[in-house]
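Trainee: So that we are looking at the same thing, I have put the structure below in structure tokens.
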Amino acid sequence: MKVIYTSPIDWLGDRIRILDQSKLPDEETYLELENYRDVASAITELKIRGAPAIGVVGAYGIALGALKIESETKASFRKKLDEVMGTIAATRPTARNLFWALQRMQKVAESGDDVNKIKSALVAEAVKIHAEEKEATRKLSQFGAELIRDGDIVLVHCNAGPLATAGYGTALGIVLLAVEQGKKLRVFATETRPVLQGARLTCWELRKAGIPVTLIADSAAGYFMQRGEINCVIVGADRIAANGDTANKIGTYTLAVLARENNVPFYVAASTSTIDPSLASGEQVPIEQRKPEEITHIRGVPIAPEGIEVQNPAFDVTPHRYITAIITEKGIIRGELGEAIRGIT
């Protein structure tokens with residue numbers, strides 16, 4: 001079966017075009033962004049989301065900012081470029097891929113003395129990051145598809161398909177590739193409160209690809225696992241610590257505990273750009289706190305009493321002991337995850 005993919009990010013030479021994910025599934029709207037501040041706003045407002053995609057778009061945002069800097073000296077150029085990088089860095093604190101991309105762009109900016117050459121090099125590096133992430137998701141999807149059997153029912157959480165990665169996808173990429181190989185699968189997708197990435201985005205992608213998908217409430221996952229109706233859980237990741245602890249969309253930890261209780265394999269799929277070897281454990285991962293309205297409202301409609309106290313962490317951390325394997329473009333990591341991570345980073 002040939003799966004049709006949607007490209008959420010395209011570089012147009014002097015601007016980027018992104019698919020506005022905040023309007024899906026109702027509208028398939030593309031935005032063309034020429035200003036780095038617009039790029040930063042698009043990331044913050046979840047018009048583009050998913051750790052790998054954020055890294056790619058963040059790199060392009062820096063390239064766009066650099067192209068518009070008017071400066072004759074490298075010192076002046078670097079000062080203005082630092083402002084650009086600071087704006088992009090402040091958008092989403094948890095996504096490791098964003099800071100991985102920023103570090104690469106920073107290294108390029110520090111090389112050479114000719115401002116025009118540095119600008120060209122920054123654009124080239126952003127394009128390279130984009131291409132590398134595409135290839136990484138293709139490879140990890142191939143590795144992950146080996147774990148999927150014909151007839152499996154796979155539970156996924158949040159959205160980790162092409163929309164989130166600018167490539168094949170991570171968790172959902174594995175499903176898409178397994179289907180391309182001829183395996184007949186079913187997918188259970190959690191709605192993924194509070195902004196419904198599973199209901200809005202994963203279901204949209206799977207319907208577009210012609211893959212059977214069943215939408216369930218987040219709180220129903222345990223019910224289906226207990227009944228033996230889930231063969232494995234596959235999730236993406238926003239940051240993986242050196243010991244294998246993994247930060248992902250809020251609710252992932254709950255699924256991992258339920259999977260362990262019901263003897264269901266729990267897989268994390270992520271490119272190595274998501275691994276942060278500087279963090280010893282998940283306790284050190286910065287967790288983004290988002291605005292209360294994401295919980296008190298659904299698409300602008302209030303569902304809670306006005307003025308109610310709200311906590312809205314966007315991510316939680318799954319301890320490595322609950323993870324059956326981490327699937328990367330360099331292979332499948334099992335057993336002692338920390339030791340295996342050190343071997344590939």
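Convention: chains lettered A, B, ... in structure tokens order; per-chain residue numbering from 1; ligands numbered from 1 as shown.
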Using only C-alpha atoms, determine which residues lie at most 9 Å from Thr94 in chain A, disregarding the query and same-chain residues fewer than 4 positions distant; provide the list as a PyMOL selection string.

Mentor: chain A and resi 51+98+238-239+247-248+285-288+314-315

Trainee: DSSP on the backbone, then: every residue of range 17-247 of chain A marked helix (DSSP H, G or I), written as a PyMOL selection string.

Mentor: chain A and resi 21-23+36-44+51-67+74-89+96-109+115-145+162-165+171-180+197-209+218-226

Trainee: Counting only C-alpha atoms, what is within 8 Å of range 136-147 of chain A, bar same-chain residues fewer than 2 positions away, as a ChimeraX atom specification?

Mentor: /A:132-134,149,165,167-171,173-175,177-178,269-271,327-332

Trainee: Which neighbours of range 250-254 of chain A fall inside 8 Å, counting only C-alpha atoms, when residues of the same chain fewer than 4 positions from it are skipped, and could you give them as a count of residues only?

Mentor: 12

Trainee: At a cut-off of 10 Å, using only C-alpha atoms, what residues contact Ser7 in chain A? Leave out same-chain residues fewer than 2 positions from it and give the result as a PyMOL selection string.

Mentor: chain A and resi 4-5+9-10+17-19+162-163+165-168

Trainee: Can you write out the residues you just picked, keeping C-alpha atoms, as a JSON list (two decimals), in the first residue's frame?

Mentor:
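Generated output (selection_8.json):
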```
[["chain", "number", "residue", "atom", "x", "y", "z"],
["A", 4, "ILE", "CA", 0.33, 9.64, 0.93],
["A", 5, "TYR", "CA", 2.31, 12.06, 3.09],
["A", 9, "ILE", "CA", 7.25, 22.54, 6.08],
["A", 10, "ASP", "CA", 8.70, 23.83, 2.80],
["A", 17, "ARG", "CA", 5.59, 27.68, 4.11],
["A", 18, "ILE", "CA", 3.96, 25.72, 6.91],
["A", 19, "LEU", "CA", 0.67, 23.89, 7.26],
["A", 162, "PRO", "CA", 4.62, 13.71, 9.31],
["A", 163, "LEU", "CA", 2.93, 16.82, 10.73],
["A", 165, "THR", "CA", 8.42, 15.76, 12.19],
["A", 166, "ALA", "CA", 8.71, 17.16, 8.66],
["A", 167, "GLY", "CA", 9.43, 13.61, 7.55],
["A", 168, "TYR", "CA", 7.90, 10.13, 7.84]]
```

Trainee: Could you pull out the residues in range 170-213 of chain A that DSSP calls strand (DSSP E) from the backbone, as a list in words?

Mentor: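 Taking range 170-213 of chain A and keeping strand (DSSP E) gives Arg186, Val187, Phe188, Ala189, Thr190 and Val213 of chain A.
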
Trainee: Put those residues in a file: N, CA and C atoms, as an mmCIF file, in the first residue's frame.

Mentor:
```cif
data_model
loop_
_atom_site.group_PDB
_atom_site.id
_atom_site.type_symbol
_atom_site.label_atom_id
_atom_site.label_comp_id
_atom_site.auth_asym_id
_atom_site.auth_seq_id
_atom_site.Cartn_x
_atom_site.Cartn_y
_atom_site.Cartn_z
ATOM 1 N N ARG A 186 -4.537 -1.855 12.812
ATOM 2 C CA ARG A 186 -5.525 -0.893 13.293
ATOM 3 C C ARG A 186 -4.831 -0.004 14.306
ATOM 4 N N VAL A 187 -5.278 1.226 14.382
ATOM 5 C CA VAL A 187 -4.697 2.182 15.316
ATOM 6 C C VAL A 187 -5.789 2.699 16.244
ATOM 7 N N PHE A 188 -5.481 2.728 17.540
ATOM 8 C CA PHE A 188 -6.300 3.423 18.517
ATOM 9 C C PHE A 188 -5.573 4.724 18.830
ATOM 10 N N ALA A 189 -6.236 5.844 18.671
ATOM 11 C CA ALA A 189 -5.642 7.149 18.939
ATOM 12 C C ALA A 189 -6.343 7.799 20.121
ATOM 13 N N THR A 190 -5.582 8.192 21.120
ATOM 14 C CA THR A 190 -6.171 8.950 22.225
ATOM 15 C C THR A 190 -6.502 10.352 21.733
ATOM 16 N N VAL A 213 -8.530 3.818 11.947
ATOM 17 C CA VAL A 213 -8.209 4.423 13.234
ATOM 18 C C VAL A 213 -9.474 4.534 14.072
#
```

Trainee: Would you kindly return, as a list in words, each protein, DNA or RNA residue with an atom no farther than 8 Å from any atom of Thr274 in chain A, considering only C-alpha atoms and excluding same-chain residues fewer than 5 positions away?

Mentor: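 The residues that qualify are Ala51, Pro52, Ala95, Arg96, Asn97, Trp100, Ala237, Asp238, Arg239 and Ile240 of chain A.
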